Structure formats: C-alpha cells, structure tokens
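Visitor: Next comes my_file_36.pdb, PDB, C-alpha atoms, pLDDT in the B column:
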ATOM      1  CA  MET C   1      -1.937   6.022   8.933  1.00 84.00           C
ATOM      2  CA  GLU C   2      -4.753   7.064   6.647  1.00 89.00           C
ATOM      3  CA  THR C   3      -5.967   6.634   3.093  1.00 89.00           C
ATOM      4  CA  GLY C   4      -3.199   7.683   0.707  1.00 89.00           C
ATOM      5  CA  SER C   5      -0.375   6.861   3.115  1.00 91.00           C
ATOM      6  CA  ALA C   6       2.686   5.080   1.757  1.00 92.00           C
ATOM      7  CA  VAL C   7       3.519   2.007   3.841  1.00 94.00           C
ATOM      8  CA  VAL C   8       6.089  -0.784   3.896  1.00 94.00           C
ATOM      9  CA  VAL C   9       4.976  -4.292   4.810  1.00 95.00           C
ATOM     10  CA  LYS C  10       6.786  -5.660   7.897  1.00 94.00           C
ATOM     11  CA  ALA C  11       5.468  -9.248   7.840  1.00 89.00           C
ATOM     12  CA  GLY C  12       4.236 -11.839   5.382  1.00 86.00           C
ATOM     13  CA  GLY C  13       5.134 -12.908   1.889  1.00 89.00           C
ATOM     14  CA  ASP C  14       5.271  -9.315   0.659  1.00 90.00           C
ATOM     15  CA  LYS C  15       7.638  -8.163   3.428  1.00 91.00           C
ATOM     16  CA  GLY C  16       9.666  -5.109   2.400  1.00 90.00           C
ATOM     17  CA  ARG C  17       7.339  -4.055  -0.427  1.00 92.00           C
ATOM     18  CA  THR C  18       5.894  -0.561  -0.634  1.00 92.00           C
ATOM     19  CA  TYR C  19       2.141  -0.109  -0.962  1.00 94.00           C
ATOM     20  CA  ILE C  20      -0.410   2.693  -0.739  1.00 93.00           C
ATOM     21  CA  VAL C  21      -3.322   2.500   1.704  1.00 94.00           C
ATOM     22  CA  VAL C  22      -6.502   2.791  -0.368  1.00 92.00           C
ATOM     23  CA  GLY C  23      -8.976   2.293   2.476  1.00 91.00           C
ATOM     24  CA  PHE C  24      -9.938   0.341   5.563  1.00 94.00           C
ATOM     25  CA  ASP C  25     -12.480  -2.437   6.051  1.00 91.00           C
ATOM     26  CA  GLU C  26     -15.109  -2.649   8.795  1.00 93.00           C
ATOM     27  CA  LYS C  27     -12.754  -4.582  11.116  1.00 93.00           C
ATOM     28  CA  GLY C  28      -9.949  -2.009  10.858  1.00 89.00           C
ATOM     29  CA  TYR C  29      -7.713  -3.859   8.416  1.00 94.00           C
ATOM     30  CA  ALA C  30      -5.892  -1.685   5.891  1.00 94.00           C
ATOM     31  CA  LEU C  31      -6.633  -2.227   2.220  1.00 95.00           C
ATOM     32  CA  ILE C  32      -3.363  -1.763   0.345  1.00 94.00           C
ATOM     33  CA  ALA C  33      -2.541  -1.683  -3.356  1.00 94.00           C
ATOM     34  CA  ASP C  34       0.544  -1.226  -5.500  1.00 91.00           C
ATOM     35  CA  GLY C  35      -0.986  -1.307  -8.982  1.00 89.00           C
ATOM     36  CA  LYS C  36       0.921  -4.460  -9.996  1.00 89.00           C
ATOM     37  CA  ARG C  37       0.372  -7.406  -7.658  1.00 91.00           C
ATOM     38  CA  HIS C  38      -2.680  -5.849  -6.032  1.00 92.00           C
ATOM     39  CA  GLY C  39      -4.616  -3.274  -8.004  1.00 91.00           C
ATOM     40  CA  LEU C  40      -7.333  -0.874  -6.955  1.00 91.00           C
ATOM     41  CA  ALA C  41     -10.020  -3.367  -7.988  1.00 91.00           C
ATOM     42  CA  ALA C  42      -8.658  -6.057  -5.649  1.00 92.00           C
ATOM     43  CA  PRO C  43      -6.580  -4.510  -2.848  1.00 93.00           C
ATOM     44  CA  LYS C  44      -4.819  -6.697  -0.286  1.00 94.00           C
ATOM     45  CA  LYS C  45      -6.229  -6.765   3.240  1.00 95.00           C
ATOM     46  CA  LYS C  46      -3.449  -6.348   5.812  1.00 94.00           C
ATOM     47  CA  ASN C  47      -3.367  -5.974   9.578  1.00 94.00           C
ATOM     48  CA  VAL C  48      -2.147  -2.454  10.400  1.00 93.00           C
ATOM     49  CA  ARG C  49       0.316  -3.927  12.934  1.00 94.00           C
ATOM     50  CA  HIS C  50       2.161  -5.471   9.982  1.00 94.00           C
ATOM     51  CA  LEU C  51       2.600  -2.125   8.224  1.00 95.00           C
ATOM     52  CA  SER C  52       5.147   0.620   8.760  1.00 93.00           C
ATOM     53  CA  ASP C  53       3.992   4.111   7.782  1.00 91.00           C
ATOM     54  CA  LEU C  54       6.623   5.992   5.753  1.00 90.00           C
ATOM     55  CA  GLY C  55       5.139   9.346   6.730  1.00 88.00           C
ATOM     56  CA  LEU C  56       4.437  10.161   3.086  1.00 88.00           C
ATOM     57  CA  LYS C  57       1.039  10.689   1.525  1.00 90.00           C
ATOM     58  CA  ILE C  58      -0.026  10.762  -2.100  1.00 88.00           C
ATOM     59  CA  ALA C  59      -3.020  12.372  -3.730  1.00 84.00           C
ATOM     60  CA  GLU C  60      -5.819   9.978  -4.597  1.00 80.00           C
ATOM     61  CA  ALA C  61      -4.699   7.619  -7.358  1.00 80.00           C
ATOM     62  CA  LYS C  62      -7.550   6.721  -9.680  1.00 87.00           C
ATOM     63  CA  THR C  63      -5.744   4.080 -11.753  1.00 90.00           C
ATOM     64  CA  ASP C  64      -3.284   1.268 -11.184  1.00 89.00           C
ATOM     65  CA  ALA C  65      -0.778   3.058 -13.422  1.00 91.00           C
ATOM     66  CA  ALA C  66      -0.976   6.138 -11.179  1.00 88.00           C
ATOM     67  CA  LEU C  67      -0.251   3.929  -8.149  1.00 90.00           C
ATOM     68  CA  VAL C  68       2.777   2.382  -9.850  1.00 91.00           C
ATOM     69  CA  THR C  69       4.103   5.831 -10.761  1.00 89.00           C
ATOM     70  CA  ALA C  70       3.568   7.208  -7.244  1.00 88.00           C
ATOM     71  CA  ILE C  71       5.336   4.254  -5.612  1.00 88.00           C
ATOM     72  CA  ARG C  72       8.179   4.479  -8.118  1.00 88.00           C
ATOM     73  CA  ARG C  73       8.673   8.163  -7.245  1.00 86.00           C
ATOM     74  CA  LEU C  74       8.643   7.399  -3.504  1.00 83.00           C
ATOM     75  CA  THR C  75      11.026   4.448  -3.719  1.00 76.00           C
ATOM     76  CA  PRO C  76      13.178   4.560  -6.866  1.00 64.00           C
ATOM     77  CA  SER C  77      14.828   1.225  -6.064  1.00 64.00           C
ATOM     78  CA  GLU C  78      11.466  -0.625  -5.888  1.00 53.00           C
ATOM     79  CA  LYS C  79      10.849  -3.032  -8.773  1.00 51.00           C
TER      80      LYS C  79
END
What's the structure tokens form of this structure?

Guide:
Amino acid sequence: METGSAVVVKAGGDKGRTYIVVGFDEKGYALIADGKRHGLAAPKKKNVRHLSDLGLKIAEAKTDAALVTAIRRLTPSEK
C-alpha cells in the first residue's frame, strides 16, 4: 500500500467504502480521501490494518473532483 493506492475500508463506520490513500502520518496511519465525505484538505486517518488494498493505483489527484472521478471509474457501483 502506497500513496495513490485504492483501498476498501474493512472496519468502522465507513466499512465497505472505497478511498484513495493520499499519504501517511508520522505514526504510520494512512490518510485516505474520497473527495466527498473526506476531501484532500481534510483526509481521514485510518489504521492500515483496517484497509484492504485493491491492487489498483491512480495518478496523483489534485482536486476532490478528480478523486471522485477516479473512484467512480474503479468502482462503478459506488455512490
């Protein structure tokens, strides 16, 4: 798992949602964003043990709209 990886949350209130890893904090937590609930300005901090890597990687998304589009292309059934 690295920056740009598409992941699915395995635990918590957002279980089953697809996010993109936008970075990591100093303690090793993944910073994830989807452009809707959690944008690039305020990514969600998530323990990497609670994430499942989809094995897909996107190019760097510079806007929330680009994140939404990338996730929509990866998972067409995602709302």

Visitor: Separation of CA of Asp25 (chain C) and CA of Leu74 (chain C), in Å?

Guide: 25.2 Å

Visitor: Can you work out which one of C:Arg73, C:Ile20, C:Gly55, C:Lys45 has the shortest atom-to-atom distance to Ala33 (chain C), counting all atoms listed in the file?

Guide: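 Ranked by minimum distance to Ala33 (chain C), first place goes to C:Ile20.
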
Visitor: For the PyMOL selection byres ((chain C and resi 36) around 10), applied here, can you spell out every residue it catches as a ChimeraX atom specification?

Guide: /C:33-35,37-40,64-65,67-68

Visitor: Rounded to one decimal, what separation in Å do you get between CA of Gly12 (chain C) and CA of Asn47 (chain C)?

Guide: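 Separating CA of Gly12 (chain C) from CA of Asn47 (chain C) is a distance of 10.5 Å.
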
Visitor: Identify which of the residues C:Ile58, C:Pro43, C:His50, C:Thr3 lies closest to Val21 (chain C), counting only C-alpha atoms when measuring atom-to-atom distances.

Guide: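 Ranked by minimum distance to Val21 (chain C), first place goes to C:Thr3.
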
Visitor: Work out how far apart CA of Lys57 (chain C) and CA of Glu2 (chain C) are and give it in Å to one decimal.

Guide: 8.5 Å

Visitor: Which residues are close to Arg49 (chain C), i.e. within 12 Å by only C-alpha atoms, leaving aside same-chain residues fewer than 6 positions away? Reply as a short mmCIF file (atom, residue, chain, number, x, y, z; two decimals) with C-alpha atoms, in the coordinates of the input.

Guide:
data_model
loop_
_atom_site.label_atom_id
_atom_site.label_comp_id
_atom_site.auth_asym_id
_atom_site.auth_seq_id
_atom_site.Cartn_x
_atom_site.Cartn_y
_atom_site.Cartn_z
CA MET C 1 -1.94 6.02 8.93
CA VAL C 7 3.52 2.01 3.84
CA VAL C 8 6.09 -0.78 3.90
CA VAL C 9 4.98 -4.29 4.81
CA LYS C 10 6.79 -5.66 7.90
CA ALA C 11 5.47 -9.25 7.84
CA GLY C 12 4.24 -11.84 5.38
CA GLY C 28 -9.95 -2.01 10.86
CA TYR C 29 -7.71 -3.86 8.42
CA ALA C 30 -5.89 -1.68 5.89
#

Visitor: How big is the axis-aligned box around all listed atoms of region 9-17 of chain C once 6 Å goes on each side, and where's its centre, in Å to one decimal, as JSON?

Guide:
{"center_x": 7.0, "center_y": -8.5, "center_z": 3.7, "size_x": 17.4, "size_y": 20.9, "size_z": 20.3}

Visitor: How would you write as a PyMOL selection string the residues that get within 9 Å of (-4.1, 10.7, -3.0) in the file's frame, counting only C-alpha atoms?

Guide: chain C and resi 3-5+22+57-62

Visitor: Measuring between only C-alpha atoms, which one of C:Ala66, C:Asp53, C:Val48, C:Ala41 shows the shortest distance to Thr18 (chain C)?

Guide: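 That would be C:Asp53, the residue with the smallest distance to Thr18 (chain C).
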